[in-house]
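Q: One structure coming up, written as structure tokens, with questions to follow.
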Amino acid sequence: MNPAAYAELDLEALGHNLKIVRHKAPNAKIMAVIKANAYGHGLPRVAAALQEVEAIAVARVDEAIRLRKNGHTSRIVVLEGFSCIDELQDILNFHLEAVIHTEHQLALLKKVRTDKIFAAWLKLDTGMNRLGFNEQGFAFAYRQLQEIRFIEKPIRLMTHLANADDLQNSATLQQIGKFKQATEHFSGELSIANSAGILAWPEAITDWVRPGLMLFGVSPFPKKTADHDHFGLRPVMSLHSRIIAIKQLNVGDAVGYGSQWRCQKATRLGVIAIGYGDGYPRHTRPETPVLVNGIRVPLVGRVSMDMITVDLGIGSDAKPGDPVLLWGPGLPVEEIADCAETIPYTLLCGITQRVQIVEK
Ligand SMILES: *Cc1c(COP(=O)(O)O)cnc(C)c1O
């Protein structure tokens with residue numbers, strides 16, 4: 001029997017979403033971005049299911065090492081690169097690839113002697129002002145890296161889009177233009193597009209694409225859901241729990257901490273084993289839909305650590321043990337994120353350790 005609260009993974013959906021990436025970017029290589037425990041889906045399992053991509057990317061060196069120790073032998077790119085000599089040694093020893101985005105890293109590279117070969121991704125900052133060199137720094141860093149014997153040539157070149165989820169924002173085309181101009185005279189493969197870039201900005205599709213969220217079947221665009229807006233993506237994660245108690249409520253009865261919700265007319269209340277201790281956000285607003293036996297019912301009262309409460313309605317025949325879906329097929333995580341005034345990324349990677357991940 002499944003635990004009370006569990007996240008179920010549909011790995012077939014993952015394969016399907018990967019096909020959509022291929023369809024959108026038929027000539028590009030795919031770097032599947034699975035940082036933050038594969039957006040909460042479980043790093044080793046998702047990496048194993050993505051054998052056919054050309055590379056995996058994670059944010060940090062320790063995530064990459066975890067994959068290597070799990071037997072993952074294909075290419076792994078560390079998006080934040082290394083920031084000290086130990087991390088650089090790990091990158092070399094575990095045969096990882098890394099993004100070079102700051103002068104500090106150039107200095108570290110010059111300190112190292114090795115007979116290993118290292119694949120570097122040089123990053124241009126085209127307007128995000130987070131990681132990456134400005135144009136002059138980029139050209140300078142490129143020449144520096146050319147001189148380092150243990151770096152594989154030609155060096156790969158990348159940038160990251162800050163506003164690709166905003167379809168009206170011309171900043172994206174400016175970023176793409178800036179990147180193409182700055183890399184014009186350099187050889188080496190190019191990479192720009194995240195999920196939003198892949199889905200909405202064909203100009204951003206170059207040698208490599210870097211899908212994250214869309215692999216998990218979720219839309220990167222505000223107020224859109226991956227299934228309703230016909231990207232054809234299928235959600236990989238569904239978050240499940242069950243009813244553990246039913247209460248008959250009368251007019252005026254208050255529910256939960258702070259007695260925030262009061263019963264307006266007699267009803268049946270369902271108590272469900274999921275809470276912010278599982279990653280269901282505490283600030284999810286009242287009336288947020290929850291699927292009980294496949295029927296949408298509204299959240300009432302505050303979300304507590306281990307439980308939420310829903311208004312089942314007076315005629316409901318739901319009983320303890322009945323299945324509940326918090327998000328997944330039929331109840332898009334994008335919609336729940338909206339109800340919690342956040343983005344689907346935070347809900348997915350906010351799933352806590354207590355939630356067991358099972359395969360469908
Ligand atoms: C997270 C990340 C991605 C993937 O972004 P999604 O919006 O999830 O597709 C791509 N590139 C970089 C550098 C990232 O940090």
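By order of appearance in the structure tokens: chains A, B, ..., then residues from 1 within every chain, and ligands from 1 in the order shown.
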Just list as a PyMOL selection string whatever in range 55-133 of chain A DSSP marks as strand (DSSP E).
A: chain A and resi 55-58+76-78+97-100+120-123
Q: What residues have any atom no more than 10 Å from ligand 1 when counting only C-alpha atoms and all ligand atoms, and can you list them as a PDB file with N, CA, C and O atoms, in the first residue's frame?
A:
```
ATOM      1  N   MET A  31      20.563  19.356 -23.465  1.00  0.00           N
ATOM      2  CA  MET A  31      21.161  19.307 -22.137  1.00  0.00           C
ATOM      3  C   MET A  31      19.980  19.356 -21.165  1.00  0.00           C
ATOM      4  O   MET A  31      19.357  20.401 -20.995  1.00  0.00           O
ATOM      5  N   ALA A  32      19.616  18.220 -20.592  1.00  0.00           N
ATOM      6  CA  ALA A  32      18.455  18.167 -19.700  1.00  0.00           C
ATOM      7  C   ALA A  32      18.841  18.727 -18.341  1.00  0.00           C
ATOM      8  O   ALA A  32      19.748  18.217 -17.687  1.00  0.00           O
ATOM      9  N   VAL A  33      18.161  19.799 -17.935  1.00  0.00           N
ATOM     10  CA  VAL A  33      18.504  20.466 -16.675  1.00  0.00           C
ATOM     11  C   VAL A  33      17.713  19.824 -15.543  1.00  0.00           C
ATOM     12  O   VAL A  33      16.487  19.918 -15.492  1.00  0.00           O
ATOM     13  N   ILE A  34      18.416  19.162 -14.641  1.00  0.00           N
ATOM     14  CA  ILE A  34      17.730  18.452 -13.552  1.00  0.00           C
ATOM     15  C   ILE A  34      18.345  18.814 -12.200  1.00  0.00           C
ATOM     16  O   ILE A  34      18.593  17.971 -11.359  1.00  0.00           O
ATOM     17  N   LYS A  35      18.580  20.110 -12.032  1.00  0.00           N
ATOM     18  CA  LYS A  35      19.068  20.615 -10.737  1.00  0.00           C
ATOM     19  C   LYS A  35      17.976  20.476  -9.674  1.00  0.00           C
ATOM     20  O   LYS A  35      16.829  20.147 -10.007  1.00  0.00           O
ATOM     21  N   ALA A  36      18.349  20.789  -8.426  1.00  0.00           N
ATOM     22  CA  ALA A  36      17.403  20.745  -7.290  1.00  0.00           C
ATOM     23  C   ALA A  36      16.637  19.425  -7.258  1.00  0.00           C
ATOM     24  O   ALA A  36      15.404  19.386  -7.280  1.00  0.00           O
ATOM     25  N   ALA A  38      16.272  17.148  -9.443  1.00  0.00           N
ATOM     26  CA  ALA A  38      15.416  17.003 -10.635  1.00  0.00           C
ATOM     27  C   ALA A  38      14.061  17.665 -10.400  1.00  0.00           C
ATOM     28  O   ALA A  38      13.016  17.051 -10.580  1.00  0.00           O
ATOM     29  N   TYR A  39      14.111  18.928 -10.009  1.00  0.00           N
ATOM     30  CA  TYR A  39      12.895  19.709  -9.743  1.00  0.00           C
ATOM     31  C   TYR A  39      11.968  18.930  -8.805  1.00  0.00           C
ATOM     32  O   TYR A  39      10.752  18.893  -8.978  1.00  0.00           O
ATOM     33  N   ALA A  57      22.401  18.498 -16.982  1.00  0.00           N
ATOM     34  CA  ALA A  57      22.981  19.627 -16.253  1.00  0.00           C
ATOM     35  C   ALA A  57      22.399  19.695 -14.846  1.00  0.00           C
ATOM     36  O   ALA A  57      21.214  19.433 -14.637  1.00  0.00           O
ATOM     37  N   VAL A  58      23.266  20.025 -13.901  1.00  0.00           N
ATOM     38  CA  VAL A  58      22.842  20.287 -12.529  1.00  0.00           C
ATOM     39  C   VAL A  58      23.448  21.633 -12.131  1.00  0.00           C
ATOM     40  O   VAL A  58      24.271  22.185 -12.868  1.00  0.00           O
ATOM     41  N   ALA A  59      23.056  22.164 -10.982  1.00  0.00           N
ATOM     42  CA  ALA A  59      23.570  23.477 -10.594  1.00  0.00           C
ATOM     43  C   ALA A  59      24.941  23.360  -9.934  1.00  0.00           C
ATOM     44  O   ALA A  59      25.844  24.140 -10.203  1.00  0.00           O
ATOM     45  N   VAL A  78      27.980  21.281 -14.950  1.00  0.00           N
ATOM     46  CA  VAL A  78      27.700  21.961 -13.680  1.00  0.00           C
ATOM     47  C   VAL A  78      27.462  23.443 -13.987  1.00  0.00           C
ATOM     48  O   VAL A  78      28.392  24.170 -14.342  1.00  0.00           O
ATOM     49  N   LEU A  79      26.229  23.879 -13.849  1.00  0.00           N
ATOM     50  CA  LEU A  79      25.843  25.222 -14.330  1.00  0.00           C
ATOM     51  C   LEU A  79      26.445  26.367 -13.517  1.00  0.00           C
ATOM     52  O   LEU A  79      26.690  27.439 -14.044  1.00  0.00           O
ATOM     53  N   GLU A  80      26.655  26.144 -12.225  1.00  0.00           N
ATOM     54  CA  GLU A  80      27.292  27.202 -11.429  1.00  0.00           C
ATOM     55  C   GLU A  80      28.818  27.096 -11.476  1.00  0.00           C
ATOM     56  O   GLU A  80      29.521  27.902 -10.859  1.00  0.00           O
ATOM     57  N   VAL A  99      30.529  25.408 -16.250  1.00  0.00           N
ATOM     58  CA  VAL A  99      30.358  26.747 -16.806  1.00  0.00           C
ATOM     59  C   VAL A  99      31.419  27.664 -16.191  1.00  0.00           C
ATOM     60  O   VAL A  99      31.640  27.657 -14.981  1.00  0.00           O
ATOM     61  N   LYS A 123      30.392  31.465 -20.379  1.00  0.00           N
ATOM     62  CA  LYS A 123      29.085  32.125 -20.295  1.00  0.00           C
ATOM     63  C   LYS A 123      29.177  33.630 -20.472  1.00  0.00           C
ATOM     64  O   LYS A 123      29.943  34.308 -19.788  1.00  0.00           O
ATOM     65  N   LEU A 131      25.064  35.290 -13.594  1.00  0.00           N
ATOM     66  CA  LEU A 131      26.367  34.717 -13.924  1.00  0.00           C
ATOM     67  C   LEU A 131      26.768  35.090 -15.349  1.00  0.00           C
ATOM     68  O   LEU A 131      25.927  35.218 -16.230  1.00  0.00           O
ATOM     69  N   MET A 158      27.708  29.958 -24.046  1.00  0.00           N
ATOM     70  CA  MET A 158      26.298  29.986 -23.631  1.00  0.00           C
ATOM     71  C   MET A 158      25.894  31.310 -23.005  1.00  0.00           C
ATOM     72  O   MET A 158      26.738  32.129 -22.619  1.00  0.00           O
ATOM     73  N   THR A 159      24.576  31.511 -22.945  1.00  0.00           N
ATOM     74  CA  THR A 159      24.009  32.617 -22.180  1.00  0.00           C
ATOM     75  C   THR A 159      22.671  32.146 -21.633  1.00  0.00           C
ATOM     76  O   THR A 159      22.220  31.034 -21.933  1.00  0.00           O
ATOM     77  N   HIS A 160      22.044  32.963 -20.788  1.00  0.00           N
ATOM     78  CA  HIS A 160      20.781  32.559 -20.169  1.00  0.00           C
ATOM     79  C   HIS A 160      19.782  33.698 -20.284  1.00  0.00           C
ATOM     80  O   HIS A 160      20.132  34.865 -20.082  1.00  0.00           O
ATOM     81  N   LEU A 161      18.534  33.366 -20.633  1.00  0.00           N
ATOM     82  CA  LEU A 161      17.503  34.374 -20.869  1.00  0.00           C
ATOM     83  C   LEU A 161      16.789  34.743 -19.568  1.00  0.00           C
ATOM     84  O   LEU A 161      16.415  33.872 -18.790  1.00  0.00           O
ATOM     85  N   ALA A 162      16.570  36.048 -19.383  1.00  0.00           N
ATOM     86  CA  ALA A 162      15.967  36.513 -18.132  1.00  0.00           C
ATOM     87  C   ALA A 162      14.450  36.654 -18.225  1.00  0.00           C
ATOM     88  O   ALA A 162      13.756  36.613 -17.212  1.00  0.00           O
ATOM     89  N   ALA A 164      12.290  35.121 -20.886  1.00  0.00           N
ATOM     90  CA  ALA A 164      11.719  34.315 -21.980  1.00  0.00           C
ATOM     91  C   ALA A 164      10.283  33.882 -21.685  1.00  0.00           C
ATOM     92  O   ALA A 164       9.537  33.544 -22.608  1.00  0.00           O
ATOM     93  N   ASP A 165       9.876  33.900 -20.420  1.00  0.00           N
ATOM     94  CA  ASP A 165       8.505  33.508 -20.088  1.00  0.00           C
ATOM     95  C   ASP A 165       7.509  34.638 -20.364  1.00  0.00           C
ATOM     96  O   ASP A 165       6.307  34.439 -20.274  1.00  0.00           O
ATOM     97  N   SER A 191      24.663  27.809 -26.922  1.00  0.00           N
ATOM     98  CA  SER A 191      23.463  27.393 -26.183  1.00  0.00           C
ATOM     99  C   SER A 191      22.795  28.597 -25.522  1.00  0.00           C
ATOM    100  O   SER A 191      23.459  29.375 -24.820  1.00  0.00           O
ATOM    101  N   ILE A 192      21.481  28.742 -25.764  1.00  0.00           N
ATOM    102  CA  ILE A 192      20.728  29.866 -25.199  1.00  0.00           C
ATOM    103  C   ILE A 192      19.472  29.412 -24.450  1.00  0.00           C
ATOM    104  O   ILE A 192      19.207  29.867 -23.344  1.00  0.00           O
ATOM    105  N   ALA A 193      18.682  28.523 -25.060  1.00  0.00           N
ATOM    106  CA  ALA A 193      17.276  28.364 -24.672  1.00  0.00           C
ATOM    107  C   ALA A 193      17.032  27.456 -23.478  1.00  0.00           C
ATOM    108  O   ALA A 193      17.480  26.311 -23.446  1.00  0.00           O
ATOM    109  N   ASN A 194      16.284  27.976 -22.504  1.00  0.00           N
ATOM    110  CA  ASN A 194      15.648  27.168 -21.455  1.00  0.00           C
ATOM    111  C   ASN A 194      14.279  26.740 -21.995  1.00  0.00           C
ATOM    112  O   ASN A 194      13.986  26.926 -23.178  1.00  0.00           O
ATOM    113  N   SER A 195      13.395  26.239 -21.125  1.00  0.00           N
ATOM    114  CA  SER A 195      12.086  25.758 -21.609  1.00  0.00           C
ATOM    115  C   SER A 195      11.319  26.848 -22.342  1.00  0.00           C
ATOM    116  O   SER A 195      10.784  26.621 -23.430  1.00  0.00           O
ATOM    117  N   ALA A 196      11.225  28.034 -21.722  1.00  0.00           N
ATOM    118  CA  ALA A 196      10.448  29.104 -22.343  1.00  0.00           C
ATOM    119  C   ALA A 196      11.057  29.490 -23.684  1.00  0.00           C
ATOM    120  O   ALA A 196      10.339  29.777 -24.648  1.00  0.00           O
ATOM    121  N   GLY A 197      12.377  29.483 -23.772  1.00  0.00           N
ATOM    122  CA  GLY A 197      13.051  29.775 -25.033  1.00  0.00           C
ATOM    123  C   GLY A 197      12.704  28.738 -26.097  1.00  0.00           C
ATOM    124  O   GLY A 197      12.432  29.081 -27.251  1.00  0.00           O
ATOM    125  N   ILE A 198      12.692  27.481 -25.704  1.00  0.00           N
ATOM    126  CA  ILE A 198      12.394  26.394 -26.644  1.00  0.00           C
ATOM    127  C   ILE A 198      10.961  26.508 -27.158  1.00  0.00           C
ATOM    128  O   ILE A 198      10.681  26.335 -28.343  1.00  0.00           O
ATOM    129  N   LEU A 199      10.033  26.837 -26.241  1.00  0.00           N
ATOM    130  CA  LEU A 199       8.614  26.835 -26.606  1.00  0.00           C
ATOM    131  C   LEU A 199       8.180  28.099 -27.339  1.00  0.00           C
ATOM    132  O   LEU A 199       7.253  28.064 -28.138  1.00  0.00           O
ATOM    133  N   VAL A 209      20.017  23.006 -26.598  1.00  0.00           N
ATOM    134  CA  VAL A 209      18.929  23.594 -25.808  1.00  0.00           C
ATOM    135  C   VAL A 209      18.999  23.030 -24.396  1.00  0.00           C
ATOM    136  O   VAL A 209      19.539  21.944 -24.178  1.00  0.00           O
ATOM    137  N   ARG A 210      18.472  23.795 -23.447  1.00  0.00           N
ATOM    138  CA  ARG A 210      18.602  23.412 -22.033  1.00  0.00           C
ATOM    139  C   ARG A 210      17.234  23.361 -21.346  1.00  0.00           C
ATOM    140  O   ARG A 210      16.928  24.185 -20.491  1.00  0.00           O
ATOM    141  N   PRO A 211      16.400  22.387 -21.685  1.00  0.00           N
ATOM    142  CA  PRO A 211      15.083  22.312 -21.060  1.00  0.00           C
ATOM    143  C   PRO A 211      15.166  21.820 -19.619  1.00  0.00           C
ATOM    144  O   PRO A 211      15.921  20.887 -19.323  1.00  0.00           O
ATOM    145  N   GLY A 212      14.393  22.456 -18.748  1.00  0.00           N
ATOM    146  CA  GLY A 212      14.237  21.976 -17.376  1.00  0.00           C
ATOM    147  C   GLY A 212      12.765  21.674 -17.156  1.00  0.00           C
ATOM    148  O   GLY A 212      12.286  20.575 -17.422  1.00  0.00           O
ATOM    149  N   LEU A 213      12.037  22.703 -16.754  1.00  0.00           N
ATOM    150  CA  LEU A 213      10.633  22.540 -16.355  1.00  0.00           C
ATOM    151  C   LEU A 213       9.783  21.778 -17.370  1.00  0.00           C
ATOM    152  O   LEU A 213       8.959  20.952 -16.995  1.00  0.00           O
ATOM    153  N   MET A 214       9.968  22.062 -18.665  1.00  0.00           N
ATOM    154  CA  MET A 214       9.078  21.430 -19.650  1.00  0.00           C
ATOM    155  C   MET A 214       9.254  19.914 -19.705  1.00  0.00           C
ATOM    156  O   MET A 214       8.324  19.186 -20.033  1.00  0.00           O
ATOM    157  N   LEU A 215      10.436  19.430 -19.331  1.00  0.00           N
ATOM    158  CA  LEU A 215      10.628  17.977 -19.288  1.00  0.00           C
ATOM    159  C   LEU A 215       9.668  17.334 -18.297  1.00  0.00           C
ATOM    160  O   LEU A 215       9.263  16.186 -18.448  1.00  0.00           O
ATOM    161  N   PHE A 216       9.332  18.125 -17.268  1.00  0.00           N
ATOM    162  CA  PHE A 216       8.454  17.593 -16.229  1.00  0.00           C
ATOM    163  C   PHE A 216       6.984  17.850 -16.552  1.00  0.00           C
ATOM    164  O   PHE A 216       6.104  17.623 -15.737  1.00  0.00           O
ATOM    165  N   VAL A 218       5.438  20.749 -17.413  1.00  0.00           N
ATOM    166  CA  VAL A 218       4.858  21.937 -16.796  1.00  0.00           C
ATOM    167  C   VAL A 218       5.209  23.160 -17.633  1.00  0.00           C
ATOM    168  O   VAL A 218       6.314  23.274 -18.153  1.00  0.00           O
ATOM    169  N   SER A 219       4.254  24.084 -17.725  1.00  0.00           N
ATOM    170  CA  SER A 219       4.454  25.287 -18.524  1.00  0.00           C
ATOM    171  C   SER A 219       5.284  26.323 -17.771  1.00  0.00           C
ATOM    172  O   SER A 219       5.004  26.610 -16.609  1.00  0.00           O
ATOM    173  N   PRO A 220       6.258  26.930 -18.447  1.00  0.00           N
ATOM    174  CA  PRO A 220       7.032  27.990 -17.806  1.00  0.00           C
ATOM    175  C   PRO A 220       6.341  29.353 -17.891  1.00  0.00           C
ATOM    176  O   PRO A 220       6.858  30.325 -17.368  1.00  0.00           O
ATOM    177  N   PHE A 221       5.182  29.415 -18.573  1.00  0.00           N
ATOM    178  CA  PHE A 221       4.537  30.709 -18.780  1.00  0.00           C
ATOM    179  C   PHE A 221       3.463  30.968 -17.737  1.00  0.00           C
ATOM    180  O   PHE A 221       2.661  30.087 -17.454  1.00  0.00           O
ATOM    181  N   TYR A 345       7.667  25.907 -10.354  1.00  0.00           N
ATOM    182  CA  TYR A 345       9.020  25.468  -9.983  1.00  0.00           C
ATOM    183  C   TYR A 345       9.128  25.252  -8.466  1.00  0.00           C
ATOM    184  O   TYR A 345       9.676  24.258  -8.011  1.00  0.00           O
TER     185      TYR A 345
END
```
Q: Measuring atom to atom with only C-alpha atoms, identify which of A:Cys339, A:Arg234, A:Glu334, A:Arg242 is nearest to Thr284 in chain A.
A: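 Checking each candidate against Thr284 in chain A, we get A:Cys339 as the closest.
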Q: Need the shell around His101 in chain A: protein/DNA/RNA residues with any atom at most 10 Å away, counting only C-alpha atoms. Skip same-chain ones fewer than 3 positions apart. Format as a compact mmCIF listing (two decimals) with N, CA, C and O atoms, in the first residue's frame?
A:
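Result file around-v9.txt:
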```
# COMPACT_ATOMS: atom_id res chain seq x y z
N LEU A 79 26.23 23.88 -13.85
CA LEU A 79 25.84 25.22 -14.33
C LEU A 79 26.45 26.37 -13.52
O LEU A 79 26.69 27.44 -14.04
N GLU A 80 26.66 26.14 -12.22
CA GLU A 80 27.29 27.20 -11.43
C GLU A 80 28.82 27.10 -11.48
O GLU A 80 29.52 27.90 -10.86
N GLY A 81 29.29 26.07 -12.13
CA GLY A 81 30.74 25.88 -12.24
C GLY A 81 31.36 25.54 -10.90
O GLY A 81 30.73 24.93 -10.04
N PHE A 82 32.63 25.96 -10.74
CA PHE A 82 33.37 25.70 -9.49
C PHE A 82 33.74 27.05 -8.91
O PHE A 82 33.90 28.02 -9.64
N ALA A 98 31.96 22.17 -16.85
CA ALA A 98 31.56 23.27 -15.98
C ALA A 98 31.44 24.58 -16.74
O ALA A 98 32.15 24.82 -17.71
N HIS A 104 37.41 34.87 -11.32
CA HIS A 104 37.91 34.04 -10.23
C HIS A 104 38.20 32.62 -10.72
O HIS A 104 39.20 32.00 -10.34
N GLN A 105 37.32 32.12 -11.59
CA GLN A 105 37.53 30.75 -12.10
C GLN A 105 38.74 30.67 -13.03
O GLN A 105 39.44 29.65 -13.05
N LEU A 106 38.98 31.74 -13.79
CA LEU A 106 40.16 31.74 -14.68
C LEU A 106 41.42 31.62 -13.84
O LEU A 106 42.35 30.87 -14.17
N TRP A 121 32.22 25.46 -20.57
CA TRP A 121 31.15 26.24 -21.20
C TRP A 121 31.34 27.68 -20.76
O TRP A 121 31.13 28.00 -19.59
N LEU A 122 31.73 28.53 -21.69
CA LEU A 122 31.98 29.93 -21.35
C LEU A 122 30.68 30.72 -21.43
O LEU A 122 29.96 30.65 -22.44
N LYS A 123 30.39 31.46 -20.38
CA LYS A 123 29.09 32.12 -20.29
C LYS A 123 29.18 33.63 -20.47
O LYS A 123 29.94 34.31 -19.79
N LEU A 124 28.33 34.12 -21.39
CA LEU A 124 28.20 35.56 -21.60
C LEU A 124 26.97 36.05 -20.86
O LEU A 124 25.89 35.44 -20.93
N ASP A 125 27.11 37.15 -20.15
CA ASP A 125 25.97 37.78 -19.49
C ASP A 125 25.34 38.75 -20.49
O ASP A 125 25.94 39.77 -20.83
N ARG A 130 23.48 37.98 -13.59
CA ARG A 130 23.67 37.00 -12.53
C ARG A 130 25.02 36.36 -12.80
O ARG A 130 26.03 36.88 -12.38
N LEU A 131 25.06 35.29 -13.59
CA LEU A 131 26.37 34.72 -13.92
C LEU A 131 26.77 35.09 -15.35
O LEU A 131 25.93 35.22 -16.23
N GLY A 132 28.07 35.23 -15.57
CA GLY A 132 28.57 35.46 -16.93
C GLY A 132 29.43 36.70 -17.05
O GLY A 132 29.34 37.62 -16.23
N PHE A 133 30.27 36.69 -18.07
CA PHE A 133 31.15 37.83 -18.36
C PHE A 133 30.41 38.85 -19.20
O PHE A 133 29.54 38.49 -20.00
N ASN A 134 30.80 40.12 -19.09
CA ASN A 134 30.32 41.10 -20.06
C ASN A 134 31.09 40.90 -21.37
O ASN A 134 31.99 40.06 -21.43
N GLY A 137 34.93 41.13 -21.21
CA GLY A 137 35.42 40.05 -20.34
C GLY A 137 35.30 38.70 -21.02
O GLY A 137 36.15 37.82 -20.85
N PHE A 138 34.26 38.56 -21.81
CA PHE A 138 33.97 37.30 -22.50
C PHE A 138 35.07 37.01 -23.53
O PHE A 138 35.64 35.91 -23.58
N ALA A 141 38.25 36.24 -21.67
CA ALA A 141 38.22 34.90 -21.06
C ALA A 141 38.38 33.83 -22.14
O ALA A 141 39.07 32.82 -21.94
N MET A 158 27.71 29.96 -24.05
CA MET A 158 26.30 29.99 -23.63
C MET A 158 25.89 31.31 -23.00
O MET A 158 26.74 32.13 -22.62
N THR A 159 24.58 31.51 -22.94
CA THR A 159 24.01 32.62 -22.18
C THR A 159 22.67 32.15 -21.63
O THR A 159 22.22 31.03 -21.93
```
Q: What's the 7 Å shell around His240 in chain A, counting only C-alpha atoms, without same-chain residues fewer than 2 positions away, as a count of residues only?
A: 7
Q: Which value, in Å to one decimal, gives the distance between CA of Asp115 in chain A and CA of Glu189 in chain A?
A: 23.9 Å
Q: Considering only C-alpha atoms, give me a table of residues in range 27-85 of chain A that are at most 12 Å from range 9-18 of chain A, with the closest atom pair and distance in Å for each, as a tab-separated table.
A:
```
residue	atom	partner	partner_atom	distance
A:Lys29	CA	A:Leu18	CA	11.6
A:Ile30	CA	A:Leu18	CA	9.0
A:Met31	CA	A:Leu18	CA	10.9
A:Ala32	CA	A:Leu18	CA	9.0
A:Val33	CA	A:Leu18	CA	11.8
A:Ala38	CA	A:Leu14	CA	11.7
A:Gly40	CA	A:Leu9	CA	10.6
A:His41	CA	A:Leu9	CA	7.3
A:Gly42	CA	A:Leu9	CA	9.4
A:Arg45	CA	A:Leu11	CA	9.3
A:Val46	CA	A:Leu11	CA	8.0
A:Ala47	CA	A:Leu14	CA	10.9
A:Ala48	CA	A:Leu11	CA	10.3
A:Ala49	CA	A:Leu11	CA	7.0
A:Leu50	CA	A:Gly15	CA	7.7
A:Gln51	CA	A:Gly15	CA	10.2
A:Glu52	CA	A:Leu18	CA	9.4
A:Val53	CA	A:Leu18	CA	8.6
A:Glu54	CA	A:Leu18	CA	11.8
```
Q: Please produce a file of the residues just selected, as a compact mmCIF listing (two decimals), in the first residue's frame, where the atoms kept are N, CA, C and O atoms.
A:
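again_34.txt was written with the following content:
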```txt
# COMPACT_ATOMS: atom_id res chain seq x y z
N LYS A 29 21.19 19.60 -29.84
CA LYS A 29 21.49 18.63 -28.79
C LYS A 29 20.76 19.08 -27.53
O LYS A 29 20.55 20.28 -27.33
N ILE A 30 20.42 18.11 -26.70
CA ILE A 30 19.65 18.44 -25.49
C ILE A 30 20.51 18.27 -24.25
O ILE A 30 21.11 17.22 -24.03
N MET A 31 20.56 19.36 -23.46
CA MET A 31 21.16 19.31 -22.14
C MET A 31 19.98 19.36 -21.16
O MET A 31 19.36 20.40 -21.00
N ALA A 32 19.62 18.22 -20.59
CA ALA A 32 18.46 18.17 -19.70
C ALA A 32 18.84 18.73 -18.34
O ALA A 32 19.75 18.22 -17.69
N VAL A 33 18.16 19.80 -17.94
CA VAL A 33 18.50 20.47 -16.68
C VAL A 33 17.71 19.82 -15.54
O VAL A 33 16.49 19.92 -15.49
N ALA A 38 16.27 17.15 -9.44
CA ALA A 38 15.42 17.00 -10.63
C ALA A 38 14.06 17.66 -10.40
O ALA A 38 13.02 17.05 -10.58
N GLY A 40 12.60 18.29 -7.80
CA GLY A 40 11.83 17.57 -6.79
C GLY A 40 11.43 16.15 -7.18
O GLY A 40 10.82 15.45 -6.37
N HIS A 41 11.77 15.71 -8.37
CA HIS A 41 11.32 14.40 -8.85
C HIS A 41 12.27 13.25 -8.47
O HIS A 41 11.95 12.08 -8.69
N GLY A 42 13.45 13.60 -7.94
CA GLY A 42 14.41 12.55 -7.58
C GLY A 42 15.52 12.45 -8.62
O GLY A 42 15.28 11.99 -9.74
N ARG A 45 16.91 8.81 -10.31
CA ARG A 45 15.88 8.14 -11.11
C ARG A 45 15.62 8.90 -12.41
O ARG A 45 15.50 8.32 -13.49
N VAL A 46 15.53 10.23 -12.31
CA VAL A 46 15.26 11.02 -13.52
C VAL A 46 16.45 10.95 -14.48
O VAL A 46 16.29 10.79 -15.68
N ALA A 47 17.67 11.03 -13.91
CA ALA A 47 18.85 10.94 -14.77
C ALA A 47 18.86 9.60 -15.51
O ALA A 47 19.15 9.54 -16.71
N ALA A 48 18.53 8.54 -14.80
CA ALA A 48 18.53 7.21 -15.42
C ALA A 48 17.49 7.12 -16.53
O ALA A 48 17.70 6.44 -17.54
N ALA A 49 16.38 7.84 -16.35
CA ALA A 49 15.32 7.80 -17.36
C ALA A 49 15.64 8.68 -18.57
O ALA A 49 14.93 8.64 -19.56
N LEU A 50 16.68 9.49 -18.45
CA LEU A 50 17.01 10.42 -19.54
C LEU A 50 18.28 9.99 -20.27
O LEU A 50 19.06 10.82 -20.71
N GLN A 51 18.48 8.69 -20.40
CA GLN A 51 19.72 8.18 -21.01
C GLN A 51 19.98 8.73 -22.40
O GLN A 51 21.13 8.87 -22.80
N GLU A 52 18.92 9.02 -23.14
CA GLU A 52 19.14 9.37 -24.55
C GLU A 52 19.51 10.83 -24.78
O GLU A 52 19.80 11.22 -25.91
N VAL A 53 19.50 11.68 -23.75
CA VAL A 53 19.90 13.07 -24.00
C VAL A 53 21.42 13.16 -24.13
O VAL A 53 22.15 12.30 -23.65
N GLU A 54 21.87 14.23 -24.78
CA GLU A 54 23.30 14.37 -25.04
C GLU A 54 24.06 14.77 -23.78
O GLU A 54 25.25 14.47 -23.65
```
Q: List the spatial neighbours of Pro3 in chain A as JSON, numbers by chain - criterion: any atom at most 12 Å away, only C-alpha atoms, same-chain residues fewer than 4 positions off excluded.
A: {"A": [7, 8, 239, 240, 241, 242, 273, 274, 321, 323, 354, 355, 356, 357, 358]}
Q: Mind dumping the selected residues with C-alpha atoms as a short mmCIF file (atom, residue, chain, number, x, y, z; two decimals), in the first residue's frame?
A:
```cif
data_model
loop_
_atom_site.label_atom_id
_atom_site.label_comp_id
_atom_site.auth_asym_id
_atom_site.auth_seq_id
_atom_site.Cartn_x
_atom_site.Cartn_y
_atom_site.Cartn_z
CA ALA A 7 4.43 11.67 -5.31
CA GLU A 8 3.94 9.42 -8.28
CA LEU A 239 1.00 14.47 -5.65
CA HIS A 240 -1.34 12.14 -3.83
CA SER A 241 -2.74 11.61 -0.39
CA ARG A 242 -5.93 10.32 1.17
CA ALA A 273 -3.00 13.86 5.16
CA ILE A 274 -0.90 16.49 3.42
CA GLY A 321 -9.09 6.09 2.84
CA PRO A 323 -7.81 8.97 -2.74
CA ARG A 354 8.76 12.81 3.93
CA VAL A 355 6.97 12.42 0.63
CA GLN A 356 7.85 9.07 -0.83
CA ILE A 357 8.43 9.08 -4.57
CA VAL A 358 7.01 6.08 -6.37
#
```
